[in-house]
$ cat my_file-v1.cif   # mmCIF, C-alpha atoms and all ligand atoms
data_coords
loop_
_atom_site.label_atom_id
_atom_site.label_comp_id
_atom_site.auth_asym_id
_atom_site.auth_seq_id
_atom_site.Cartn_x
_atom_site.Cartn_y
_atom_site.Cartn_z
CA MET A 177 -21.23 30.62 5.64
CA ILE A 178 -19.22 30.82 8.83
CA VAL A 179 -18.29 27.71 10.82
CA SER A 180 -18.60 28.69 14.47
CA SER A 181 -17.50 25.42 16.05
CA ILE A 182 -15.87 22.16 15.10
CA GLU A 183 -16.28 19.02 17.19
CA ILE A 184 -13.57 16.43 16.68
CA CYS A 185 -14.63 13.06 18.10
CA LYS A 186 -12.45 10.00 18.31
CA LEU A 187 -14.65 6.91 18.32
CA LYS A 188 -14.07 3.26 19.02
CA LEU A 189 -16.59 0.92 17.41
CA PRO A 190 -17.00 -2.77 18.18
CA MET A 191 -16.20 -4.93 15.16
CA VAL A 192 -18.13 -8.09 14.43
CA ARG A 193 -14.96 -9.66 13.06
CA SER A 194 -11.41 -8.72 12.14
CA PHE A 195 -10.20 -7.65 8.68
CA ALA A 196 -6.86 -9.13 7.57
CA THR A 197 -4.82 -7.86 4.64
CA SER A 198 -1.17 -8.09 3.58
CA PHE A 199 -0.46 -5.07 5.84
CA GLY A 200 -1.86 -6.66 8.98
CA VAL A 201 -5.05 -7.27 10.91
CA VAL A 202 -7.60 -4.59 11.76
CA ASP A 203 -9.48 -5.91 14.76
CA SER A 204 -10.55 -2.74 16.45
CA LYS A 205 -12.13 0.13 14.59
CA GLU A 206 -11.26 3.62 15.62
CA THR A 207 -12.41 6.55 13.54
CA VAL A 208 -12.64 10.33 13.77
CA ILE A 209 -15.96 12.08 13.21
CA VAL A 210 -15.89 15.79 12.51
CA LYS A 211 -18.95 17.95 13.11
CA PHE A 212 -19.12 21.50 11.78
CA ARG A 213 -21.69 23.92 13.17
CA THR A 214 -22.40 27.17 11.33
CA THR A 215 -23.48 30.52 12.74
CA ASP A 216 -26.83 30.05 11.00
CA GLY A 217 -27.53 26.77 12.74
CA ARG A 218 -26.54 24.18 10.13
CA VAL A 219 -24.58 21.05 10.96
CA GLY A 220 -22.19 19.15 8.66
CA TYR A 221 -20.53 15.79 9.29
CA GLY A 222 -17.46 14.09 7.90
CA GLU A 223 -15.20 11.17 8.76
CA CYS A 224 -11.44 10.60 8.85
CA SER A 225 -11.38 6.84 8.43
CA ALA A 226 -7.69 6.39 9.20
CA LEU A 227 -6.42 3.12 10.62
CA SER A 228 -5.14 3.07 14.19
CA LEU A 229 -1.61 2.37 12.94
CA PRO A 230 0.21 3.56 9.77
CA LEU A 231 -0.37 0.33 7.85
CA TYR A 232 -2.40 1.50 4.84
CA ASN A 233 -1.00 5.03 4.58
CA ALA A 234 1.27 7.06 6.84
CA GLU A 235 -1.56 8.55 8.87
CA THR A 236 -3.20 7.23 12.02
CA ILE A 237 -6.20 8.09 14.18
CA GLY A 238 -3.75 9.82 16.53
CA SER A 239 -2.15 11.90 13.78
CA CYS A 240 -5.58 12.90 12.48
CA MET A 241 -6.66 14.05 15.95
CA GLU A 242 -3.50 16.13 16.28
CA VAL A 243 -3.66 17.73 12.83
CA LEU A 244 -7.37 18.45 13.16
CA THR A 245 -7.02 19.97 16.62
CA LYS A 246 -3.85 21.98 16.08
CA MET A 247 -4.05 22.98 12.43
CA ILE A 248 -7.24 22.41 10.48
CA ALA A 249 -9.99 23.36 12.92
CA PRO A 250 -8.31 26.61 14.11
CA ALA A 251 -7.81 27.64 10.45
CA ILE A 252 -11.47 27.09 9.54
CA VAL A 253 -13.55 28.37 12.46
CA GLY A 254 -14.71 31.93 12.20
CA LYS A 255 -13.91 32.37 8.47
CA GLU A 256 -16.51 33.36 5.89
CA LEU A 257 -16.30 30.52 3.36
CA SER A 258 -18.79 30.31 0.55
CA ASN A 259 -17.45 27.61 -1.76
CA ILE A 260 -15.02 24.69 -1.82
CA GLN A 261 -12.18 26.76 -3.31
CA GLU A 262 -12.40 29.24 -0.43
CA TYR A 263 -12.48 26.34 2.02
CA LEU A 264 -9.36 24.75 0.51
CA GLN A 265 -7.53 28.09 0.43
CA ALA A 266 -8.21 28.56 4.14
CA LEU A 267 -6.32 25.35 5.01
CA PRO A 268 -2.78 25.84 6.31
CA PHE A 269 0.23 24.32 4.50
CA MET A 270 0.71 20.72 5.62
CA HIS A 271 2.98 18.01 4.26
CA ASP A 272 1.48 14.68 3.17
CA VAL A 273 -1.73 15.03 5.13
CA TYR A 274 -4.67 13.39 3.40
CA THR A 275 -6.85 11.37 5.73
CA ALA A 276 -6.95 14.15 8.34
CA LYS A 277 -8.20 16.58 5.67
CA THR A 278 -10.97 14.24 4.51
CA GLY A 279 -13.34 14.55 7.50
CA PRO A 280 -13.46 18.34 7.62
CA GLU A 281 -13.65 18.66 3.84
CA CYS A 282 -16.59 16.26 3.76
CA ALA A 283 -18.29 18.19 6.58
CA PHE A 284 -17.92 21.32 4.45
CA TRP A 285 -19.35 19.55 1.36
CA HIS A 286 -22.26 18.46 3.55
CA LEU A 287 -22.90 22.10 4.48
CA LEU A 288 -22.66 23.17 0.82
CA ALA A 289 -25.21 20.53 -0.18
CA GLN A 290 -27.62 21.88 2.45
CA GLN A 291 -26.99 25.49 1.44
CA ASP A 292 -27.73 24.67 -2.21
CA SER A 293 -30.57 22.25 -1.35
CA ILE A 294 -29.06 19.48 -3.45
CA SER A 295 -27.87 15.95 -2.80
CA LEU A 296 -24.18 15.15 -2.37
CA SER A 297 -24.45 13.12 -5.56
CA ALA A 298 -25.71 16.15 -7.51
CA LEU A 299 -23.05 18.34 -5.88
CA PHE A 300 -20.32 15.97 -7.12
CA GLY A 301 -21.82 15.71 -10.60
CA GLY A 302 -23.25 12.23 -10.03
CA THR A 303 -25.93 11.04 -12.41
CA ARG A 304 -26.80 7.47 -11.40
CA HIS A 305 -29.49 6.57 -8.89
CA GLU A 306 -28.06 3.21 -7.93
CA ILE A 307 -24.50 1.92 -7.87
CA PRO A 308 -23.32 -1.68 -8.22
CA VAL A 309 -21.28 -2.93 -5.29
CA GLY A 310 -18.78 -5.66 -4.51
CA GLU A 311 -17.17 -7.00 -1.38
CA SER A 312 -13.51 -6.82 -0.45
CA ILE A 313 -12.88 -10.17 1.22
CA ASP A 314 -10.05 -10.29 3.70
CA ILE A 315 -7.39 -12.95 4.17
CA LYS A 316 -8.96 -15.98 5.82
CA ASN A 317 -7.58 -18.81 7.89
CA SER A 318 -8.87 -21.41 5.47
CA LEU A 319 -10.13 -21.84 1.92
CA ASP A 320 -13.43 -23.12 3.30
CA GLU A 321 -13.98 -19.91 5.18
CA LEU A 322 -13.17 -17.90 2.05
CA LEU A 323 -15.42 -19.91 -0.25
CA SER A 324 -18.37 -19.82 2.10
CA GLU A 325 -18.18 -16.03 2.45
CA ILE A 326 -17.99 -15.60 -1.33
CA SER A 327 -20.94 -17.90 -1.78
CA LEU A 328 -22.94 -15.88 0.75
CA ARG A 329 -22.16 -12.56 -0.96
CA LEU A 330 -22.94 -13.87 -4.42
CA ASP A 331 -26.28 -15.13 -3.09
CA GLU A 332 -26.90 -11.67 -1.64
CA GLY A 333 -26.40 -10.22 -5.11
CA TYR A 334 -22.94 -8.62 -4.82
CA ARG A 335 -21.63 -7.89 -8.31
CA ARG A 336 -17.92 -8.40 -7.77
CA ILE A 337 -15.57 -10.20 -5.42
CA LYS A 338 -12.19 -8.76 -4.48
CA LEU A 339 -9.75 -11.05 -2.70
CA LYS A 340 -7.13 -9.58 -0.44
CA ILE A 341 -3.91 -11.38 -1.27
CA LYS A 342 -0.38 -11.56 0.17
CA PRO A 343 2.66 -13.71 -0.56
CA GLY A 344 1.55 -17.21 0.44
CA TRP A 345 -2.19 -16.44 0.07
CA ASP A 346 -2.66 -15.77 -3.62
CA ILE A 347 -2.45 -18.57 -6.20
CA GLU A 348 -4.23 -21.13 -4.06
CA PRO A 349 -7.25 -19.06 -3.02
CA LEU A 350 -7.61 -17.56 -6.50
CA ARG A 351 -7.51 -21.02 -8.06
CA ALA A 352 -10.06 -22.33 -5.56
CA VAL A 353 -12.42 -19.45 -6.36
CA ARG A 354 -11.99 -19.75 -10.13
CA ASP A 355 -12.56 -23.53 -9.98
CA ILE A 356 -16.01 -22.93 -8.53
CA TRP A 357 -16.90 -19.60 -10.20
CA PRO A 358 -15.11 -19.39 -13.55
CA ASP A 359 -17.08 -16.37 -14.72
CA ILE A 360 -17.63 -13.99 -11.79
CA LEU A 361 -16.12 -10.52 -11.82
CA LEU A 362 -13.06 -11.17 -9.65
CA SER A 363 -10.15 -8.96 -8.62
CA ALA A 364 -7.25 -9.17 -6.19
CA ASP A 365 -5.69 -6.54 -3.91
CA GLY A 366 -2.08 -6.93 -2.74
CA ASN A 367 -2.08 -3.79 -0.56
CA ALA A 368 1.55 -3.09 -1.47
CA GLY A 369 2.67 -6.41 -0.01
CA TYR A 370 4.76 -7.71 -2.92
CA LYS A 371 8.30 -6.84 -4.07
CA PHE A 372 9.04 -6.60 -7.76
CA THR A 373 12.46 -8.23 -7.43
CA THR A 374 11.08 -11.23 -5.55
CA HIS A 375 7.56 -11.63 -6.91
CA CYS A 376 7.55 -10.48 -10.53
CA GLU A 377 6.95 -13.95 -11.99
CA LEU A 378 4.38 -14.89 -9.41
CA LEU A 379 2.42 -11.72 -10.12
CA GLN A 380 2.60 -12.32 -13.88
CA SER A 381 1.22 -15.80 -13.34
CA LEU A 382 -1.96 -14.28 -11.92
CA ASP A 383 -2.91 -13.64 -15.57
CA GLN A 384 -4.22 -17.21 -15.60
CA PHE A 385 -7.14 -16.21 -13.33
CA ASN A 386 -8.73 -13.74 -15.70
CA LEU A 387 -8.94 -11.02 -13.06
CA ALA A 388 -10.78 -7.79 -13.75
CA MET A 389 -7.77 -6.08 -12.18
CA LEU A 390 -4.84 -6.54 -9.84
CA GLU A 391 -4.90 -3.79 -7.22
CA GLN A 392 -1.71 -2.26 -5.78
CA PRO A 393 0.60 -5.27 -5.83
CA LEU A 394 3.80 -3.26 -5.15
CA GLU A 395 4.86 -0.55 -2.73
CA SER A 396 3.13 2.79 -2.98
CA HIS A 397 6.12 4.81 -4.26
CA ASP A 398 7.11 2.17 -6.79
CA PHE A 399 5.62 3.61 -9.98
CA LEU A 400 8.47 2.32 -12.18
CA ASP A 401 8.05 -1.33 -11.26
CA HIS A 402 4.27 -1.13 -11.54
CA ALA A 403 4.84 0.15 -15.09
CA THR A 404 7.22 -2.68 -15.93
CA LEU A 405 4.84 -5.20 -14.44
CA GLN A 406 1.91 -3.74 -16.42
CA ARG A 407 3.91 -4.05 -19.65
CA ASN A 408 4.49 -7.68 -18.82
CA MET A 409 1.05 -8.80 -17.80
CA ARG A 410 -2.36 -8.84 -19.39
CA THR A 411 -4.35 -8.21 -16.20
CA PRO A 412 -4.99 -4.49 -15.76
CA ILE A 413 -3.20 -2.99 -12.77
CA CYS A 414 -5.25 -0.75 -10.49
CA LEU A 415 -3.42 1.68 -8.21
CA ASP A 416 -4.77 2.53 -4.77
CA GLU A 417 -2.10 3.47 -2.18
CA SER A 418 0.08 5.06 -4.92
CA ILE A 419 -2.49 7.65 -6.02
CA ARG A 420 -2.74 10.20 -3.24
CA ASP A 421 -3.50 13.07 -5.59
CA VAL A 422 -3.79 13.95 -9.24
CA ASN A 423 -0.02 14.50 -9.47
CA ASP A 424 0.54 10.87 -8.54
CA LEU A 425 -1.88 9.91 -11.29
CA ARG A 426 0.04 12.11 -13.77
CA THR A 427 3.17 10.13 -12.88
CA ALA A 428 1.39 6.79 -13.20
CA ASP A 429 -0.12 7.86 -16.52
CA ALA A 430 3.19 9.06 -17.97
CA LEU A 431 4.84 5.75 -17.08
CA GLY A 432 1.92 3.48 -17.95
CA ALA A 433 1.81 2.16 -14.38
CA CYS A 434 -1.93 1.45 -14.22
CA LYS A 435 -5.14 1.11 -16.18
CA TYR A 436 -7.49 1.58 -13.21
CA VAL A 437 -7.56 3.88 -10.21
CA ASN A 438 -9.34 3.10 -6.97
CA MET A 439 -10.70 6.50 -5.89
CA LYS A 440 -11.00 6.90 -2.17
CA PRO A 441 -11.64 10.18 -0.35
CA MET A 442 -9.77 9.14 2.83
CA ARG A 443 -6.58 8.54 0.82
CA SER A 444 -6.76 11.76 -1.20
CA GLY A 445 -7.73 14.38 1.38
CA GLY A 446 -11.41 14.33 0.49
CA VAL A 447 -13.75 14.45 -2.45
CA TYR A 448 -12.26 17.51 -4.20
CA GLU A 449 -9.05 15.69 -5.11
CA CYS A 450 -11.04 12.59 -6.13
CA LEU A 451 -12.91 14.79 -8.60
CA GLN A 452 -9.57 16.00 -10.03
CA ILE A 453 -8.45 12.36 -10.32
CA TYR A 454 -11.75 11.45 -11.97
CA ASP A 455 -11.42 14.23 -14.56
CA PHE A 456 -7.77 13.49 -15.32
CA ALA A 457 -8.49 9.78 -15.72
CA ALA A 458 -11.39 10.52 -18.07
CA GLU A 459 -9.06 12.51 -20.32
CA HIS A 460 -6.13 10.10 -20.20
CA GLY A 461 -7.75 6.71 -20.53
CA GLU A 462 -7.58 5.27 -17.03
CA SER A 463 -10.82 3.88 -15.56
CA VAL A 464 -11.86 4.90 -12.07
CA TRP A 465 -14.03 3.24 -9.47
CA CYS A 466 -14.81 3.94 -5.84
CA GLY A 467 -13.12 2.05 -3.03
CA GLY A 468 -13.40 2.40 0.72
CA ALA A 469 -11.51 1.93 3.96
CA LEU A 470 -13.95 0.49 6.47
CA GLU A 471 -15.78 3.79 6.89
CA THR A 472 -18.90 4.05 9.03
CA GLY A 473 -22.10 5.13 7.29
CA ILE A 474 -20.98 8.77 7.47
CA GLY A 475 -17.85 8.23 5.39
CA ARG A 476 -19.67 5.79 3.12
CA ALA A 477 -22.34 8.44 2.31
CA PHE A 478 -19.66 10.51 0.54
CA ASN A 479 -18.26 7.44 -1.22
CA ILE A 480 -21.72 6.51 -2.51
CA ALA A 481 -22.24 10.02 -3.89
CA LEU A 482 -18.83 9.91 -5.60
CA ALA A 483 -19.55 6.45 -7.00
CA SER A 484 -22.72 7.80 -8.62
CA LYS A 485 -20.66 9.65 -11.23
CA ALA A 486 -21.18 8.33 -14.73
CA ASP A 487 -17.78 6.72 -15.28
CA CYS A 488 -17.65 4.74 -12.02
CA ILE A 489 -19.16 1.67 -13.58
CA PHE A 490 -16.99 -0.94 -11.88
CA PRO A 491 -18.67 -2.11 -8.63
CA ALA A 492 -17.62 -0.12 -5.55
CA ASP A 493 -16.20 -1.51 -2.28
CA MET A 494 -19.34 -0.63 -0.40
CA SER A 495 -20.40 -3.40 1.92
CA PRO A 496 -22.85 -2.06 4.53
CA TYR A 497 -21.86 -1.57 8.18
CA GLN A 498 -23.18 -4.97 9.33
CA VAL A 499 -20.31 -6.70 7.51
CA PHE A 500 -17.77 -5.11 9.86
CA PHE A 501 -19.53 -3.38 12.75
CA LYS A 502 -22.22 -4.11 15.31
CA GLU A 503 -23.78 -0.66 14.95
CA ASP A 504 -23.61 2.34 12.66
CA LEU A 505 -23.72 6.10 13.17
CA LEU A 506 -26.76 6.61 10.93
CA GLU A 507 -30.40 6.28 11.96
CA SER A 508 -30.92 3.98 9.04
CA SER A 509 -28.07 2.91 6.82
CA PHE A 510 -27.94 1.81 3.18
CA VAL A 511 -28.64 -1.75 2.08
CA VAL A 512 -27.41 -3.89 -0.78
CA LYS A 513 -30.49 -4.70 -2.85
CA PRO A 514 -31.00 -8.16 -4.39
CA ASN A 515 -29.72 -6.73 -7.69
CA GLY A 516 -26.36 -6.01 -6.01
CA CYS A 517 -26.85 -2.25 -6.05
CA VAL A 518 -27.08 0.44 -3.40
CA ASP A 519 -29.50 3.33 -3.88
CA VAL A 520 -28.00 6.79 -4.23
CA PRO A 521 -29.93 9.26 -2.07
CA THR A 522 -31.57 12.11 -3.96
CA GLU A 523 -32.68 14.24 -0.98
CA PRO A 524 -30.79 17.47 -0.28
CA GLY A 525 -27.79 17.03 2.02
CA LEU A 526 -26.25 13.75 3.15
CA GLY A 527 -29.33 11.68 2.35
CA TYR A 528 -29.08 9.83 5.67
CA VAL A 529 -29.91 10.93 9.21
CA VAL A 530 -26.84 11.02 11.42
CA SER A 531 -27.39 9.77 14.97
CA ASP A 532 -25.69 12.10 17.46
CA SER A 533 -26.52 9.66 20.24
CA GLN A 534 -24.66 6.88 18.41
CA ILE A 535 -21.67 9.18 17.91
CA GLU A 536 -21.74 10.02 21.60
CA LYS A 537 -22.08 6.37 22.60
CA PHE A 538 -18.84 5.40 20.84
CA THR A 539 -16.83 8.60 21.51
CA VAL A 540 -13.73 8.04 23.63
CA GLU A 541 -12.16 11.48 23.17
CA LYS A 542 -13.58 14.80 22.09
CA VAL A 543 -12.12 18.20 21.31
CA VAL A 544 -14.22 21.27 20.49
CA ILE A 545 -12.67 24.22 18.66
CA SER A 546 -14.93 27.26 18.48
CA THR A 547 -14.66 30.94 17.68
CA ALA A 548 -14.63 31.48 21.43
CA SER A 549 -11.64 29.15 21.93
CA ILE A 550 -9.18 30.59 19.39
O1 LIG A 601 -7.04 -1.46 0.00
O2 LIG A 601 -9.02 -1.07 -0.58
C1 LIG A 601 -8.19 -1.24 0.31
C2 LIG A 601 -9.83 -1.44 3.77
C3 LIG A 601 -8.95 -0.68 4.51
C4 LIG A 601 -7.85 -0.12 3.90
C5 LIG A 601 -7.62 -0.36 2.54
C6 LIG A 601 -8.51 -1.11 1.78
C7 LIG A 601 -9.62 -1.66 2.43
C8 LIG A 601 -10.58 -2.51 1.75
C9 LIG A 601 -11.97 -2.54 2.32
O3 LIG A 601 -10.31 -3.21 0.80
C10 LIG A 601 -12.91 -1.85 1.46
C11 LIG A 601 -14.15 -1.46 2.21
O4 LIG A 601 -14.10 -0.43 2.92
O5 LIG A 601 -15.17 -2.13 2.08
MG MG A 602 -6.80 -1.38 -2.09
#
$ encode --input "my_file-v1.cif" --output "structure tokens"
Amino acid sequence: MIVSSIEICKLKLPMVRSFATSFGVVDSKETVIVKFRTTDGRVGYGECSALSLPLYNAETIGSCMEVLTKMIAPAIVGKELSNIQEYLQALPFMHDVYTAKTGPECAFWHLLAQQDSISLSALFGGTRHEIPVGESIDIKNSLDELLSEISLRLDEGYRRIKLKIKPGWDIEPLRAVRDIWPDILLSADGNAGYKFTTHCELLQSLDQFNLAMLEQPLESHDFLDHATLQRNMRTPICLDESIRDVNDLRTADALGACKYVNMKPMRSGGVYECLQIYDFAAEHGESVWCGGALETGIGRAFNIALASKADCIFPADMSPYQVFFKEDLLESSFVVKPNGCVDVPTEPGLGYVVSDSQIEKFTVEKVVISTASI
């Protein structure tokens, strides 16, 4: 297939509430939607769900716009590309660019799924028709607020609760939750907000809460201290920010720095690298599950397909758009069923209908790169 034009749209979506973590507060959602058009009339969509500021990883909405406009789109339009390897080979050399690569790679996967008349799930080797989901609950102003949200989600059927923690908001909220719900599947995510030298004992003391895992307590480059911490605590450590690609996982594996990996296309440059991470983990004994980063329904569609792979048994971070946003970019989005699962679409392609009018409604900046413009 030949991609004849690429639309790069920067969107601003109203949030129904803010999302606070150890790295800061997200209270305005910007995202980048990428739309590929082929010479034979097909359309593929993808999302670069970066944050507005470099708080989760080094990339931002602005850096994604720049890299997409100046490097990725001009390298892709006009080329005959028939499979994912050819697509990846067509990309120019770029240092430490992950989130910017995710949107266009997903748009290309979407085109491949249409070309082969299969679902994204089937394209990624997924086998399950529903996936269990959990909520990632942000840092609240009060324990009451936290407990009432957890209670609501458990009533809705969510299978797992993940608390965002930071120094000063960890022991107390975890104890409050465990006092009420001693047996729920509970995890905690430090988003790289702790320092080994200062917080080693505090982190070890989290063992008392019987957590399913402790996600990314230390800084992203700190593999050595994650390994030391893992040797000194019972709770499995899950790495998120640290695992950009399979090489990072090789390092973590060699050192014993984690037992779980949160797979997330936006952190790893797309689904291809997640599949490498998945395969490596399967051979080396780490467990994988699918996370998210406040994607709209477009980004979530790829996460759902990835989460349908056989080994992703731990509930995914997959709350539907209503939890964060007033409106979505899909005609009709996924729902969490009373059994705490989300259905995996089986139709060919994305499995959801993208609303161009919704994309247009929230677009604040748009660049089009076409064969005519390069
Ligand atoms: O660390 O998993 C994370 C959101 C933004 C950036 C990083 C993370 C998160 C979440 C939310 O935890 C997960 C979701 O998208 O539902
Ligand atoms: Mg995380």
$ residues_near_ligand --input "my_file-v1.cif" --ligand "ligand LIG 601 (chain A)" --cutoff "6 Å" --atoms "only C-alpha atoms and all ligand atoms" --output "JSON, numbers by chain"
{"A": [232, 312, 367, 467, 468, 469, 470, 493, 494, 495]}
$ closest_residue --input "my_file-v1.cif" --among "A:Gln498, A:Asn479, A:Gln392, A:Ser484" --to "ligand MG 602 (chain A)" --atoms "all atoms listed in the file"
A:Gln392
$ residues_around --input "my_file-v1.cif" --residues "region 439-455 of chain A" --least-positions-apart "6" --cutoff "6 Å" --atoms "all atoms listed in the file" --output "PyMOL selection string"
chain A and resi 274-275+277-278+281+420-422+465-468
$ residues_near_ligand --input "my_file-v1.cif" --ligand "ligand MG 602 (chain A)" --cutoff "6 Å" --atoms "all atoms listed in the file" --output "ChimeraX atom specification"
/A:365,367,391,416
$ closest_atom_pairs --input "my_file-v1.cif" --of "region 353-448 of chain A" --to "region 317-340 of chain A" --cutoff "9 Å" --atoms "all atoms listed in the file" --output "tab-separated table"
residue	atom	partner	partner_atom	distance
A:Val353	CA	A:Leu323	CA	6.8
A:Ile356	CA	A:Leu323	CA	8.8
A:Ile360	CA	A:Arg336	CA	6.9
A:Leu361	CA	A:Arg336	CA	4.9
A:Leu362	CA	A:Ile337	CA	5.0
A:Ser363	CA	A:Lys338	CA	4.6
A:Ala364	CA	A:Leu339	CA	4.7
A:Asp365	CA	A:Lys340	CA	4.8
A:Gly366	CA	A:Lys340	CA	6.1
A:Asn367	CA	A:Lys340	CA	7.7
$ write_last_selection --input "my_file-v1.cif" --atoms "C-alpha atoms" --output "mmCIF file, keeping the file's coordinate frame"
data_model
loop_
_atom_site.group_PDB
_atom_site.id
_atom_site.type_symbol
_atom_site.label_atom_id
_atom_site.label_comp_id
_atom_site.auth_asym_id
_atom_site.auth_seq_id
_atom_site.Cartn_x
_atom_site.Cartn_y
_atom_site.Cartn_z
ATOM 1 C CA VAL A 353 -12.420 -19.450 -6.360
ATOM 2 C CA ILE A 356 -16.010 -22.930 -8.530
ATOM 3 C CA ILE A 360 -17.630 -13.990 -11.790
ATOM 4 C CA LEU A 361 -16.120 -10.520 -11.820
ATOM 5 C CA LEU A 362 -13.060 -11.170 -9.650
ATOM 6 C CA SER A 363 -10.150 -8.960 -8.620
ATOM 7 C CA ALA A 364 -7.250 -9.170 -6.190
ATOM 8 C CA ASP A 365 -5.690 -6.540 -3.910
ATOM 9 C CA GLY A 366 -2.080 -6.930 -2.740
ATOM 10 C CA ASN A 367 -2.080 -3.790 -0.560
#
$ residues_around --input "my_file-v1.cif" --residues "Leu189 (chain A)" --least-positions-apart "5" --cutoff "12 Å" --atoms "all atoms listed in the file" --output "CSV table (one decimal) with C-alpha atoms, in the frame of the given file"
chain,number,residue,atom,x,y,z
A,202,VAL,CA,-7.6,-4.6,11.8
A,203,ASP,CA,-9.5,-5.9,14.8
A,204,SER,CA,-10.6,-2.7,16.4
A,205,LYS,CA,-12.1,0.1,14.6
A,206,GLU,CA,-11.3,3.6,15.6
A,207,THR,CA,-12.4,6.6,13.5
A,208,VAL,CA,-12.6,10.3,13.8
A,209,ILE,CA,-16.0,12.1,13.2
A,225,SER,CA,-11.4,6.8,8.4
A,470,LEU,CA,-14.0,0.5,6.5
A,471,GLU,CA,-15.8,3.8,6.9
A,472,THR,CA,-18.9,4.0,9.0
A,497,TYR,CA,-21.9,-1.6,8.2
A,498,GLN,CA,-23.2,-5.0,9.3
A,500,PHE,CA,-17.8,-5.1,9.9
A,501,PHE,CA,-19.5,-3.4,12.8
A,502,LYS,CA,-22.2,-4.1,15.3
A,503,GLU,CA,-23.8,-0.7,15.0
A,504,ASP,CA,-23.6,2.3,12.7
A,505,LEU,CA,-23.7,6.1,13.2
A,534,GLN,CA,-24.7,6.9,18.4
A,535,ILE,CA,-21.7,9.2,17.9
A,536,GLU,CA,-21.7,10.0,21.6
A,537,LYS,CA,-22.1,6.4,22.6
A,538,PHE,CA,-18.8,5.4,20.8
A,539,THR,CA,-16.8,8.6,21.5
A,540,VAL,CA,-13.7,8.0,23.6
$ closest_residue --input "my_file-v1.cif" --among "A:Ala388, A:Met247, A:Ile252, A:Leu287" --to "Tyr221 (chain A)" --atoms "all atoms listed in the file"
A:Leu287
$ axis_aligned_box --input "my_file-v1.cif" --around "region 428-446 of chain A" --padding-each-side "6 Å" --output "lines of an AutoDock Vina configuration file"
center_x = -3.4
center_y = 7.7
center_z = -7.6
size_x = 28.5
size_y = 25.3
size_z = 32.8
$ atom_distance --input "my_file-v1.cif" --atom1 "CA of Gly254 (chain A)" --atom2 "CA of Glu523 (chain A)"
28.5 Å
$ closest_residue --input "my_file-v1.cif" --among "A:Pro280, A:Pro250, A:Gly310, A:Pro412" --to "Lys211 (chain A)" --atoms "all atoms listed in the file"
A:Pro280
$ residues_around --input "my_file-v1.cif" --residues "Val179 (chain A)" --least-positions-apart "6" --cutoff "8 Å" --atoms "only C-alpha atoms" --output "PyMOL selection string"
chain A and resi 212-215+252-256
$ residues_around --input "my_file-v1.cif" --residues "region 433-436 of chain A" --least-positions-apart "2" --cutoff "9 Å" --atoms "all atoms listed in the file" --output "list in words"
Met389, Glu391, Phe399, Leu400, Asp401, His402, Ala403, Thr404, Leu405, Gln406, Arg407, Pro412, Ile413, Cys414, Leu415, Asp416, Leu425, Thr427, Ala428, Asp429, Ala430, Leu431, Asn438, Ala457, Gly461, Glu462, Ser463, Val464 and Trp465 of chain A
$ write_last_selection --input "my_file-v1.cif" --atoms "C-alpha atoms" --output "PDB file, keeping the file's coordinate frame"
ATOM      1  CA  MET A 389      -7.770  -6.080 -12.180  1.00  0.00           C
ATOM      2  CA  GLU A 391      -4.900  -3.790  -7.220  1.00  0.00           C
ATOM      3  CA  PHE A 399       5.620   3.610  -9.980  1.00  0.00           C
ATOM      4  CA  LEU A 400       8.470   2.320 -12.180  1.00  0.00           C
ATOM      5  CA  ASP A 401       8.050  -1.330 -11.260  1.00  0.00           C
ATOM      6  CA  HIS A 402       4.270  -1.130 -11.540  1.00  0.00           C
ATOM      7  CA  ALA A 403       4.840   0.150 -15.090  1.00  0.00           C
ATOM      8  CA  THR A 404       7.220  -2.680 -15.930  1.00  0.00           C
ATOM      9  CA  LEU A 405       4.840  -5.200 -14.440  1.00  0.00           C
ATOM     10  CA  GLN A 406       1.910  -3.740 -16.420  1.00  0.00           C
ATOM     11  CA  ARG A 407       3.910  -4.050 -19.650  1.00  0.00           C
ATOM     12  CA  PRO A 412      -4.990  -4.490 -15.760  1.00  0.00           C
ATOM     13  CA  ILE A 413      -3.200  -2.990 -12.770  1.00  0.00           C
ATOM     14  CA  CYS A 414      -5.250  -0.750 -10.490  1.00  0.00           C
ATOM     15  CA  LEU A 415      -3.420   1.680  -8.210  1.00  0.00           C
ATOM     16  CA  ASP A 416      -4.770   2.530  -4.770  1.00  0.00           C
ATOM     17  CA  LEU A 425      -1.880   9.910 -11.290  1.00  0.00           C
ATOM     18  CA  THR A 427       3.170  10.130 -12.880  1.00  0.00           C
ATOM     19  CA  ALA A 428       1.390   6.790 -13.200  1.00  0.00           C
ATOM     20  CA  ASP A 429      -0.120   7.860 -16.520  1.00  0.00           C
ATOM     21  CA  ALA A 430       3.190   9.060 -17.970  1.00  0.00           C
ATOM     22  CA  LEU A 431       4.840   5.750 -17.080  1.00  0.00           C
ATOM     23  CA  ASN A 438      -9.340   3.100  -6.970  1.00  0.00           C
ATOM     24  CA  ALA A 457      -8.490   9.780 -15.720  1.00  0.00           C
ATOM     25  CA  GLY A 461      -7.750   6.710 -20.530  1.00  0.00           C
ATOM     26  CA  GLU A 462      -7.580   5.270 -17.030  1.00  0.00           C
ATOM     27  CA  SER A 463     -10.820   3.880 -15.560  1.00  0.00           C
ATOM     28  CA  VAL A 464     -11.860   4.900 -12.070  1.00  0.00           C
ATOM     29  CA  TRP A 465     -14.030   3.240  -9.470  1.00  0.00           C
TER      30      TRP A 465
END
